[in-house]
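Listing of model.txt, compact mmCIF, C-alpha atoms (C1' of nucleotides)
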# COMPACT_ATOMS: atom_id res chain seq x y z
CA MET A 1 -5.74 1.23 -36.09
CA ARG A 2 -3.70 -1.52 -34.54
CA ALA A 3 -0.84 -0.89 -32.16
CA GLY A 4 0.54 -4.42 -31.99
CA ILE A 5 0.60 -4.71 -28.22
CA LYS A 6 2.11 -7.82 -26.65
CA PRO A 7 1.32 -8.84 -23.08
CA GLU A 8 4.95 -8.24 -22.11
CA ILE A 9 4.72 -4.67 -23.33
CA VAL A 10 1.75 -4.08 -21.08
CA ILE A 11 3.72 -5.40 -18.10
CA ALA A 12 6.74 -3.34 -19.08
CA THR A 13 4.58 -0.23 -19.29
CA ALA A 14 3.11 -0.91 -15.87
CA ALA A 15 6.63 -1.44 -14.52
CA ASP A 16 7.75 1.85 -15.98
CA ILE A 17 4.83 3.71 -14.45
CA ALA A 18 5.36 2.04 -11.08
CA ASP A 19 9.05 2.94 -10.91
CA ARG A 20 8.53 6.42 -12.28
CA ILE A 21 5.46 7.73 -10.49
CA GLY A 22 4.54 5.00 -8.01
CA TRP A 23 2.67 1.74 -7.80
CA GLU A 24 -0.56 3.54 -6.93
CA GLN A 25 -0.46 5.19 -10.33
CA ILE A 26 -0.78 1.90 -12.18
CA THR A 27 -4.28 2.42 -13.53
CA LEU A 28 -5.64 0.94 -16.72
CA ALA A 29 -6.18 4.51 -17.89
CA ASN A 30 -2.49 5.38 -17.35
CA VAL A 31 -1.20 2.19 -18.93
CA ALA A 32 -3.49 2.48 -21.93
CA GLY A 33 -2.66 6.15 -22.30
CA GLN A 34 1.07 5.48 -22.35
CA LEU A 35 0.50 2.73 -24.92
CA GLY A 36 -1.63 4.99 -27.09
CA ILE A 37 -4.74 2.84 -26.91
CA LYS A 38 -8.10 3.08 -25.15
CA THR A 39 -8.61 1.56 -21.74
CA PRO A 40 -10.96 -1.28 -22.71
CA SER A 41 -8.48 -2.48 -25.33
CA LEU A 42 -6.20 -3.59 -22.51
CA TYR A 43 -8.65 -6.38 -21.79
CA ASN A 44 -7.35 -8.10 -24.89
CA HIS A 45 -4.02 -8.56 -23.12
CA VAL A 46 -4.73 -8.77 -19.39
CA GLU A 47 -7.83 -9.82 -17.50
CA GLY A 48 -8.19 -6.57 -15.59
CA LEU A 49 -6.29 -4.52 -13.07
CA PRO A 50 -5.83 -7.24 -10.43
CA ASP A 51 -4.45 -9.56 -13.11
CA LEU A 52 -2.07 -6.88 -14.34
CA ARG A 53 -0.82 -6.30 -10.81
CA GLN A 54 -0.21 -9.99 -10.27
CA LYS A 55 1.64 -10.35 -13.55
CA LEU A 56 3.76 -7.34 -12.64
CA ALA A 57 4.52 -8.83 -9.23
CA LEU A 58 5.68 -12.02 -10.90
CA TYR A 59 7.87 -10.13 -13.34
CA ALA A 60 9.35 -8.09 -10.50
CA SER A 61 10.08 -11.11 -8.33
CA GLU A 62 11.89 -12.78 -11.21
CA GLN A 63 14.04 -9.70 -11.70
CA LEU A 64 14.87 -9.60 -8.02
CA ARG A 65 15.67 -13.30 -7.91
CA ASP A 66 18.03 -12.99 -10.87
CA GLN A 67 19.88 -10.01 -9.45
CA LEU A 68 20.31 -11.69 -6.07
CA HIS A 69 21.66 -14.84 -7.68
CA ASP A 70 24.09 -12.78 -9.74
CA ALA A 71 25.29 -10.97 -6.66
CA ALA A 72 25.98 -14.22 -4.82
CA ILE A 73 28.27 -15.62 -7.49
CA GLY A 74 31.87 -15.83 -6.40
CA HIS A 75 31.25 -15.22 -2.71
CA THR A 76 30.84 -17.39 0.36
CA GLY A 77 30.20 -16.98 4.06
CA LYS A 78 29.63 -13.58 5.55
CA GLN A 79 30.72 -11.78 2.40
CA ALA A 80 28.10 -13.57 0.32
CA PHE A 81 25.34 -12.28 2.56
CA ILE A 82 26.72 -8.78 2.40
CA GLU A 83 26.81 -8.89 -1.40
CA VAL A 84 23.29 -10.27 -1.64
CA GLY A 85 22.04 -7.77 0.91
CA LYS A 86 23.55 -4.89 -1.03
CA ALA A 87 22.04 -6.18 -4.26
CA TYR A 88 18.67 -6.37 -2.53
CA VAL A 89 18.81 -2.77 -1.37
CA ALA A 90 20.15 -1.68 -4.75
CA PHE A 91 17.23 -3.35 -6.49
CA VAL A 92 14.75 -1.51 -4.32
CA ARG A 93 16.53 1.77 -5.03
CA GLN A 94 16.46 1.20 -8.75
CA HIS A 95 12.97 -0.26 -8.85
CA PRO A 96 10.88 1.04 -5.97
CA GLY A 97 7.68 0.43 -7.91
CA LEU A 98 8.58 -3.15 -8.73
CA TYR A 99 9.47 -3.84 -5.13
CA GLU A 100 6.13 -2.43 -4.09
CA ALA A 101 4.46 -4.68 -6.64
CA ILE A 102 6.11 -7.69 -5.00
CA ASN A 103 5.04 -6.68 -1.53
CA ARG A 104 1.49 -5.74 -2.47
CA VAL A 105 0.71 -8.88 -4.40
CA SER A 106 -2.75 -10.01 -3.43
CA GLU A 107 -3.91 -13.43 -2.33
CA PRO A 108 -4.00 -15.95 -3.75
CA LYS A 109 -0.48 -15.42 -5.03
CA PRO A 110 0.19 -16.92 -8.47
CA GLN A 111 1.97 -20.25 -8.33
CA MET A 112 4.92 -18.97 -10.33
CA PHE A 113 5.27 -16.11 -7.87
CA GLU A 114 5.43 -18.56 -4.99
CA GLN A 115 8.10 -20.49 -6.84
CA THR A 116 10.21 -17.42 -7.35
CA SER A 117 9.88 -16.48 -3.69
CA GLU A 118 10.97 -19.97 -2.81
CA ALA A 119 14.00 -19.64 -5.07
CA ILE A 120 15.06 -16.52 -3.19
CA LEU A 121 14.59 -18.30 0.12
CA ASN A 122 16.67 -21.22 -1.17
CA LEU A 123 19.48 -18.87 -2.06
CA PHE A 124 19.67 -17.78 1.57
CA ILE A 125 19.53 -21.38 2.72
CA ARG A 126 22.38 -22.42 0.45
CA LEU A 127 24.53 -19.51 1.50
CA MET A 128 24.04 -20.48 5.10
CA GLN A 129 25.27 -24.05 4.66
CA PRO A 130 29.00 -23.27 5.12
CA LEU A 131 28.32 -21.61 8.47
CA GLY A 132 27.49 -24.96 10.00
CA ILE A 133 24.30 -23.96 11.77
CA PRO A 134 22.29 -26.90 13.17
CA SER A 135 19.31 -27.46 10.89
CA GLU A 136 16.70 -26.83 13.58
CA GLU A 137 18.31 -23.46 14.22
CA ALA A 138 18.80 -22.60 10.58
CA VAL A 139 15.17 -21.68 10.08
CA HIS A 140 15.44 -19.00 12.75
CA ALA A 141 18.76 -17.76 11.44
CA ILE A 142 17.43 -17.40 7.92
CA ARG A 143 14.30 -15.65 9.08
CA GLY A 144 16.54 -13.13 10.81
CA LEU A 145 18.58 -12.51 7.71
CA ARG A 146 15.58 -12.13 5.44
CA SER A 147 13.93 -9.77 7.89
CA MET A 148 17.06 -7.68 8.18
CA VAL A 149 17.54 -7.30 4.46
CA HIS A 150 13.89 -6.73 3.75
CA GLY A 151 13.72 -4.31 6.66
CA PHE A 152 16.54 -2.19 5.29
CA ALA A 153 15.10 -2.15 1.80
CA SER A 154 11.58 -1.51 2.94
CA LEU A 155 12.45 1.24 5.41
CA GLU A 156 14.53 2.99 2.80
CA ALA A 157 11.77 2.68 0.21
CA MET A 158 9.31 4.36 2.55
CA GLY A 159 11.78 7.10 3.41
CA GLY A 160 12.41 5.74 6.88
CA PHE A 161 16.09 6.69 6.99
CA GLN A 162 17.47 10.17 7.27
CA MET A 163 20.61 9.92 5.14
CA GLN A 164 20.90 7.13 2.66
CA GLU A 165 24.50 7.76 1.63
CA ASP A 166 26.05 5.32 4.07
CA LEU A 167 23.10 2.97 4.22
CA MET A 168 25.05 0.22 2.48
CA GLU A 169 27.63 0.54 5.22
CA SER A 170 24.95 0.18 7.87
CA LEU A 171 23.70 -2.91 6.11
CA SER A 172 27.07 -4.62 5.78
CA LYS A 173 27.94 -3.83 9.40
CA THR A 174 24.61 -5.19 10.55
CA ILE A 175 25.08 -8.39 8.60
CA THR A 176 28.59 -8.71 9.96
CA TYR A 177 27.47 -8.37 13.57
CA TYR A 178 24.65 -10.80 13.03
CA ILE A 179 26.70 -13.50 11.32
CA ASP A 180 29.48 -13.11 13.88
CA GLY A 181 27.05 -13.54 16.77
CA LEU A 182 25.48 -16.47 15.00
CA SER A 183 28.80 -18.20 14.36
CA LYS A 184 29.91 -17.66 17.95
CA HIS A 185 26.85 -19.49 19.23
CA PHE A 186 27.46 -22.62 17.19
CA ASN A 187 31.25 -22.92 17.10
CA MET B 1 -31.11 13.67 11.60
CA ARG B 2 -27.88 14.30 13.42
CA ALA B 3 -25.53 11.52 14.39
CA GLY B 4 -23.18 13.53 16.55
CA ILE B 5 -19.97 12.43 14.89
CA LYS B 6 -16.67 13.51 16.41
CA PRO B 7 -13.47 13.46 14.38
CA GLU B 8 -12.06 10.79 16.69
CA ILE B 9 -15.00 8.54 15.92
CA VAL B 10 -14.27 8.82 12.21
CA ILE B 11 -10.66 7.80 12.83
CA ALA B 12 -11.76 4.97 15.10
CA THR B 13 -14.14 3.73 12.43
CA ALA B 14 -11.42 3.82 9.81
CA ALA B 15 -9.12 1.95 12.22
CA ASP B 16 -11.75 -0.69 12.76
CA ILE B 17 -12.27 -1.18 9.04
CA ALA B 18 -8.53 -1.31 8.40
CA ASP B 19 -7.90 -3.99 11.03
CA ARG B 20 -10.99 -5.97 10.14
CA ILE B 21 -11.04 -6.03 6.34
CA GLY B 22 -7.85 -4.29 5.30
CA TRP B 23 -6.41 -0.85 4.72
CA GLU B 24 -7.53 -0.88 1.09
CA GLN B 25 -11.12 -1.04 2.28
CA ILE B 26 -10.93 2.34 3.97
CA THR B 27 -13.20 4.21 1.58
CA LEU B 28 -15.36 7.17 2.44
CA ALA B 29 -18.35 5.08 1.42
CA ASN B 30 -17.42 2.31 3.89
CA VAL B 31 -16.65 4.69 6.74
CA ALA B 32 -19.81 6.70 6.19
CA GLY B 33 -21.89 3.53 5.90
CA GLN B 34 -20.58 2.15 9.18
CA LEU B 35 -21.34 5.50 10.83
CA GLY B 36 -24.84 5.61 9.39
CA ILE B 37 -24.33 8.82 7.44
CA LYS B 38 -23.91 9.72 3.78
CA THR B 39 -20.47 9.96 2.21
CA PRO B 40 -20.34 13.74 1.69
CA SER B 41 -21.18 14.34 5.36
CA LEU B 42 -17.75 13.04 6.23
CA TYR B 43 -16.30 16.21 4.79
CA ASN B 44 -17.56 17.97 7.90
CA HIS B 45 -15.02 15.98 9.92
CA VAL B 46 -12.10 15.22 7.64
CA GLU B 47 -10.83 16.98 4.57
CA GLY B 48 -11.13 13.97 2.30
CA LEU B 49 -9.69 10.49 1.97
CA PRO B 50 -5.99 11.48 1.98
CA ASP B 51 -6.55 13.52 5.13
CA LEU B 52 -8.36 10.63 6.80
CA ARG B 53 -5.49 8.31 5.94
CA GLN B 54 -2.95 10.69 7.40
CA LYS B 55 -4.93 11.16 10.59
CA LEU B 56 -5.22 7.40 10.90
CA ALA B 57 -1.47 6.99 10.38
CA LEU B 58 -0.83 9.46 13.16
CA TYR B 59 -3.24 7.70 15.49
CA ALA B 60 -1.62 4.35 14.67
CA SER B 61 1.94 5.59 15.21
CA GLU B 62 0.96 6.95 18.62
CA GLN B 63 -0.49 3.60 19.59
CA LEU B 64 2.65 1.82 18.47
CA ARG B 65 4.90 4.27 20.30
CA ASP B 66 2.97 3.81 23.53
CA GLN B 67 3.02 0.04 23.36
CA LEU B 68 6.75 -0.04 22.64
CA HIS B 69 7.48 2.28 25.55
CA ASP B 70 5.36 0.12 27.82
CA ALA B 71 7.21 -2.98 26.72
CA ALA B 72 10.59 -1.43 27.47
CA ILE B 73 9.78 -0.62 31.08
CA GLY B 74 11.73 -2.70 33.55
CA HIS B 75 14.22 -4.11 31.07
CA THR B 76 17.75 -3.25 29.99
CA GLY B 77 20.34 -4.52 27.58
CA LYS B 78 19.61 -7.38 25.25
CA GLN B 79 16.40 -8.28 27.03
CA ALA B 80 14.96 -4.81 26.52
CA PHE B 81 15.37 -5.13 22.76
CA ILE B 82 13.76 -8.53 22.80
CA GLU B 83 10.77 -7.21 24.72
CA VAL B 84 10.38 -4.21 22.45
CA GLY B 85 10.78 -6.40 19.39
CA LYS B 86 8.09 -8.76 20.60
CA ALA B 87 5.78 -5.87 21.35
CA TYR B 88 6.38 -4.56 17.83
CA VAL B 89 5.44 -7.84 16.21
CA ALA B 90 2.50 -8.24 18.57
CA PHE B 91 1.20 -4.82 17.59
CA VAL B 92 1.32 -5.71 13.93
CA ARG B 93 -0.52 -8.96 14.65
CA GLN B 94 -3.26 -7.20 16.57
CA HIS B 95 -3.48 -4.22 14.25
CA PRO B 96 -2.40 -5.14 10.75
CA GLY B 97 -4.49 -2.34 9.28
CA LEU B 98 -3.02 0.28 11.58
CA TYR B 99 0.49 -0.88 10.78
CA GLU B 100 -0.29 -0.63 7.11
CA ALA B 101 -1.60 2.88 7.70
CA ILE B 102 1.74 3.82 9.25
CA ASN B 103 3.73 2.39 6.37
CA ARG B 104 1.55 3.81 3.63
CA VAL B 105 1.45 7.34 4.97
CA SER B 106 1.93 9.67 2.04
CA GLU B 107 4.32 12.60 1.70
CA PRO B 108 4.49 15.11 3.14
CA LYS B 109 4.09 13.31 6.45
CA PRO B 110 2.28 15.31 9.12
CA GLN B 111 4.61 16.94 11.61
CA MET B 112 3.10 15.09 14.54
CA PHE B 113 3.68 11.84 12.72
CA GLU B 114 7.36 12.69 12.28
CA GLN B 115 7.55 13.47 15.98
CA THR B 116 6.07 10.12 16.91
CA SER B 117 8.48 8.31 14.60
CA GLU B 118 11.31 10.19 16.24
CA ALA B 119 10.09 9.13 19.67
CA ILE B 120 10.27 5.50 18.60
CA LEU B 121 13.77 6.02 17.24
CA ASN B 122 14.78 7.67 20.50
CA LEU B 123 13.58 4.66 22.43
CA PHE B 124 15.99 2.47 20.48
CA ILE B 125 18.77 4.97 21.02
CA ARG B 126 18.24 5.07 24.77
CA LEU B 127 18.09 1.31 25.04
CA MET B 128 21.40 1.10 23.25
CA GLN B 129 23.25 3.40 25.65
CA PRO B 130 24.18 0.68 28.18
CA LEU B 131 25.85 -1.39 25.48
CA GLY B 132 28.66 1.15 25.19
CA ILE B 133 28.71 1.42 21.42
CA PRO B 134 30.86 4.30 20.09
CA SER B 135 28.52 7.06 18.98
CA GLU B 136 29.67 7.03 15.36
CA GLU B 137 28.84 3.32 15.22
CA ALA B 138 25.57 3.61 17.11
CA VAL B 139 23.73 5.01 14.10
CA HIS B 140 24.56 1.86 12.12
CA ALA B 141 23.72 -0.41 15.02
CA ILE B 142 20.33 1.20 15.54
CA ARG B 143 19.50 1.08 11.86
CA GLY B 144 20.18 -2.63 11.98
CA LEU B 145 17.88 -3.17 14.91
CA ARG B 146 15.06 -1.12 13.47
CA SER B 147 15.36 -2.91 10.16
CA MET B 148 15.32 -6.29 11.83
CA VAL B 149 12.24 -5.60 13.91
CA HIS B 150 10.39 -3.88 11.11
CA GLY B 151 11.42 -6.65 8.75
CA PHE B 152 9.95 -9.34 10.97
CA ALA B 153 6.72 -7.44 11.49
CA SER B 154 6.37 -6.46 7.88
CA LEU B 155 7.15 -9.90 6.47
CA GLU B 156 4.66 -11.49 8.81
CA ALA B 157 2.00 -8.92 7.95
CA MET B 158 2.35 -9.74 4.27
CA GLY B 159 2.29 -13.45 4.92
CA GLY B 160 5.97 -13.89 4.19
CA PHE B 161 6.54 -16.59 6.78
CA GLN B 162 5.29 -20.14 6.61
CA MET B 163 4.51 -20.87 10.25
CA GLN B 164 4.04 -18.00 12.59
CA GLU B 165 3.86 -20.05 15.79
CA ASP B 166 7.51 -19.77 16.71
CA LEU B 167 8.07 -16.42 15.05
CA MET B 168 8.64 -14.71 18.39
CA GLU B 169 11.38 -17.26 19.04
CA SER B 170 13.00 -16.45 15.72
CA LEU B 171 12.88 -12.78 16.59
CA SER B 172 14.41 -13.11 20.04
CA LYS B 173 17.14 -15.43 18.74
CA THR B 174 17.92 -13.00 15.94
CA ILE B 175 18.16 -10.08 18.33
CA THR B 176 20.34 -12.15 20.63
CA TYR B 177 22.79 -13.05 17.86
CA TYR B 178 22.89 -9.48 16.67
CA ILE B 179 23.47 -7.87 20.05
CA ASP B 180 26.06 -10.50 20.93
CA GLY B 181 27.96 -9.86 17.72
CA LEU B 182 27.68 -6.15 18.28
CA SER B 183 28.95 -6.34 21.85
CA LYS B 184 31.85 -8.56 20.84
CA HIS B 185 33.06 -5.94 18.37
CA PHE B 186 33.23 -3.14 20.89
CA ASN B 187 34.28 -4.85 24.09
C1' DT C 1 -8.39 -13.72 -52.67
C1' DG C 2 -11.18 -14.95 -48.78
C1' DC C 3 -11.74 -16.06 -44.10
C1' DA C 4 -10.66 -16.65 -39.22
C1' DT C 5 -8.59 -14.50 -35.56
C1' DA C 6 -6.53 -10.89 -32.99
C1' DA C 7 -6.87 -6.44 -31.38
C1' DA C 8 -8.55 -2.28 -31.69
C1' DC C 9 -12.89 0.56 -31.07
C1' DT C 10 -17.57 2.86 -29.02
C1' DA C 11 -21.10 2.89 -25.70
C1' DA C 12 -22.86 2.01 -21.30
C1' DT C 13 -22.79 0.83 -16.21
C1' DG C 14 -21.54 1.14 -11.50
C1' DA C 15 -18.36 2.52 -7.85
C1' DT C 16 -15.67 6.03 -6.17
C1' DA C 17 -14.10 10.79 -4.39
C1' DT C 18 -15.13 15.35 -4.45
C1' DT C 19 -17.57 20.01 -4.68
C1' DA C 20 -21.43 23.15 -4.22
C1' DG C 21 -25.32 24.52 -2.30
C1' DT C 22 -29.15 23.57 1.09
C1' DT C 23 -31.50 22.20 5.29
C1' DA C 24 -31.93 20.85 9.87
C1' DT C 25 -30.24 20.49 14.44
C1' DT C 26 -27.79 22.14 18.41
C1' DA C 27 -25.63 25.47 21.39
C1' DT C 28 -25.21 29.96 22.96
C1' DA C 29 -26.14 34.66 23.98
C1' DA C 30 -29.53 38.36 24.51
C1' DT D 1 -37.26 31.88 26.64
C1' DT D 2 -36.14 33.07 22.22
C1' DA D 3 -33.17 34.61 18.37
C1' DT D 4 -29.05 33.69 16.15
C1' DA D 5 -24.76 31.51 14.89
C1' DA D 6 -22.43 27.24 14.48
C1' DT D 7 -22.35 22.63 13.38
C1' DA D 8 -23.44 18.68 10.85
C1' DA D 9 -26.40 16.45 8.28
C1' DC D 10 -28.51 16.35 3.49
C1' DT D 11 -29.28 16.30 -2.07
C1' DA D 12 -27.52 16.99 -6.51
C1' DA D 13 -23.97 17.01 -9.76
C1' DT D 14 -19.28 16.00 -11.77
C1' DA D 15 -15.03 13.55 -12.88
C1' DT D 16 -12.30 9.46 -12.78
C1' DC D 17 -12.02 4.74 -12.43
C1' DA D 18 -12.71 -0.38 -13.81
C1' DT D 19 -15.43 -3.29 -16.23
C1' DT D 20 -18.67 -5.51 -19.75
C1' DA D 21 -20.92 -5.99 -24.18
C1' DG D 22 -21.08 -5.55 -28.70
C1' DT D 23 -18.83 -3.83 -33.05
C1' DT D 24 -15.32 -2.91 -36.41
C1' DT D 25 -10.92 -3.24 -38.46
C1' DA D 26 -6.55 -5.05 -39.48
C1' DT D 27 -3.52 -9.08 -40.04
C1' DG D 28 -1.96 -13.61 -41.27
C1' DC D 29 -2.71 -17.81 -43.41
C1' DA D 30 -5.00 -21.33 -46.42

Before we go any further, please render this structure as structure tokens.
Amino acid sequence: MRAGIKPEIVIATAADIADRIGWEQITLANVAGQLGIKTPSLYNHVEGLPDLRQKLALYASEQLRDQLHDAAIGHTGKQAFIEVGKAYVAFVRQHPGLYEAINRVSEPKPQMFEQTSEAILNLFIRLMQPLGIPSEEAVHAIRGLRSMVHGFASLEAMGGFQMQEDLMESLSKTITYYIDGLSKHFN
Amino acid sequence: MRAGIKPEIVIATAADIADRIGWEQITLANVAGQLGIKTPSLYNHVEGLPDLRQKLALYASEQLRDQLHDAAIGHTGKQAFIEVGKAYVAFVRQHPGLYEAINRVSEPKPQMFEQTSEAILNLFIRLMQPLGIPSEEAVHAIRGLRSMVHGFASLEAMGGFQMQEDLMESLSKTITYYIDGLSKHFN
DNA sequence: TGCATAAACTAATGATATTAGTTATTATAA
DNA sequence: TTATAATAACTAATATCATTAGTTTATGCA
């Protein structure tokens, strides 16, 4: 019998498993089982479990990049960061397994993955332009923003917050305080 | 032969492996090998791999709590947060495997672990008292700080920053901006 | 229709965690 | 000091993985 599996379907299946029952549960046995084929058949589509994980990480990072770019459209200044930050946290809520795949990508990271990460970093850099931060300070400022947003998303993903109802509010307040303090220093 | 293994030695061995070659490498085979005993003998000291991981997470969170408390001594206000933040990042640098153990602790988390996490949260809360933030806003403010510090540590641990030389500077600047913006809002 | 390729399969290997049952060592109490 | 109970090692066996090798079957194209 022939199931007609495409590489993308394998990734999609792994993504589904990751978001549904956790990244740890991405095993070749689980993926093959959900696809209705035997484990060794997967080797026709991916080069093994590490390869599958890396391909999933790439897929996930592209999704995240796209959603962050979408969220930034039509906003500038402080509000742009708030929108992107919310989109970041929302992505992690919707796709905890994919976010884990991004964070657990093993070295050496695929080149395309590095590129996508860079694209996300560039988004932050561009959004920071209008604030008029001196360029030698901008690297620190952006590190702070990335850390903040990642910190919120990551802590929530690992169940680090008690009540997640008003977490978006915490995030937008935090970004507000940070950008205000930042602006005050350089204006 | 009898090796005279104490439970603490098993945890210490797992900690050593985690920091040296990575959390993923904590296997019963590795731990037993380093202790000079056979894998099944470990079941006399821990109840299996998940139990060992949880005990290691508890041990790690206690270490982190102690180091953060130490760092806070003798400081108040903005500077206290900077010191604690630096200690946090320093801990993750020194003990990447232990930090991973904390973050990968599986549900349900041991009660003692929850207590230790709460102690760390309480440290942040106490340090924030002098800033005079209204109590209904303090929860947001503390979430922001935790996220920031965790974000820095976590991003560095996963190799998310290019150059880590001046990372401490980025962290202290970020905390400064944040606390300044926060203070401005409520004074 | 025939052939090359893609994609499934079976079988086998080695690493892992885990359980059960056994033996040896140590500590303690008579 | 010796007998006994406990502790902590062991061997043997099983189940689940990932992985490799070799084989078969289905598909698409000349």

- prompt: If we count all atoms listed in the file, which residues of chain C reach to within 12 Å of chain B? Please list them as a PyMOL selection string.
  reply: chain C and resi 15-20+23-26

task: Write down, as a VMD selection string, each residue of chain D that has any atom within 9 Å of an atom of chain B, counting only C-alpha atoms (C1' of nucleotides).
output: chain D and resid 7 to 10

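CA of Pro96 in chain A sits 6.5 Å away from CA of Ala157 in chain A.
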
For the interface of chain B with chain A (cut-off 7 Å, counting all atoms listed in the file), please tabulate each contacting residue of chain B alongside its nearest pair of atoms and their separation in Å to one decimal, rows sorted by chain and increasing number, as CSV.
residue,atom,partner,partner_atom,distance
B:His140,CA,A:Ser170,CA,4.6
B:Ala141,CA,A:Thr174,CA,6.6
B:Arg143,CA,A:Ser170,CA,6.8
B:Gly144,CA,A:Thr174,CA,5.3
B:Ser147,CA,A:Gly151,CA,4.1
B:Met148,CA,A:Met148,CA,4.3
B:His150,CA,A:Gly151,CA,5.6
B:Gly151,CA,A:Gly151,CA,3.9
B:Phe152,CA,A:Ser147,CA,5.1
B:Leu155,CA,A:Ser147,CA,6.9
B:Ser170,CA,A:His140,CA,4.6
B:Leu171,CA,A:Gly144,CA,6.9
B:Thr174,CA,A:Gly144,CA,5.3
B:Tyr177,CA,A:Gly181,CA,4.4
B:Tyr178,CA,A:Tyr178,CA,4.3
B:Asp180,CA,A:Gly181,CA,5.2
B:Gly181,CA,A:Gly181,CA,3.9
B:Leu182,CA,A:Tyr177,CA,5.2

Padded axis-aligned box of range 2-19 of chain C (6 Å per side), centre and edge lengths, Å, one decimal, as AutoDock Vina command-line options:
--center_x -14.7 --center_y 1.7 --center_z -26.6 --size_x 28.3 --size_y 48.7 --size_z 56.4

message: For range 70-72 of chain B, find every residue with an atom within 6 Å (counting all atoms listed in the file), except residues of its own chain fewer than 5 positions away, and show them as a PyMOL selection string.
response: chain B and resi 80+83-84

- prompt: Which polymer residues have any atom within 12 Å of an atom of DC29 in chain D, counting all atoms listed in the file, with same-chain residues fewer than 5 positions away left out, as a PyMOL selection string?
  reply: chain C and resi 1-5

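Considering all atoms listed in the file, the residue among B:Leu52, B:Ile73, B:Ile82, B:Leu98 positioned nearest to Arg20 in chain B is B:Leu98.
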
- prompt: Got a sec: who's within 6 Å of Leu56 in chain B, counting all atoms listed in the file, leaving out chain neighbours fewer than 3 positions off, as a ChimeraX atom specification?
  reply: /B:11,53,59

message: Please report the interatomic distance between CA of Gln162 in chain B and CA of His69 in chain A in Å with one decimal.
response: 22.4 Å

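One distance worth recording is that between CA of Val31 in chain B and CA of Glu8 in chain B, which is 12.5 Å.
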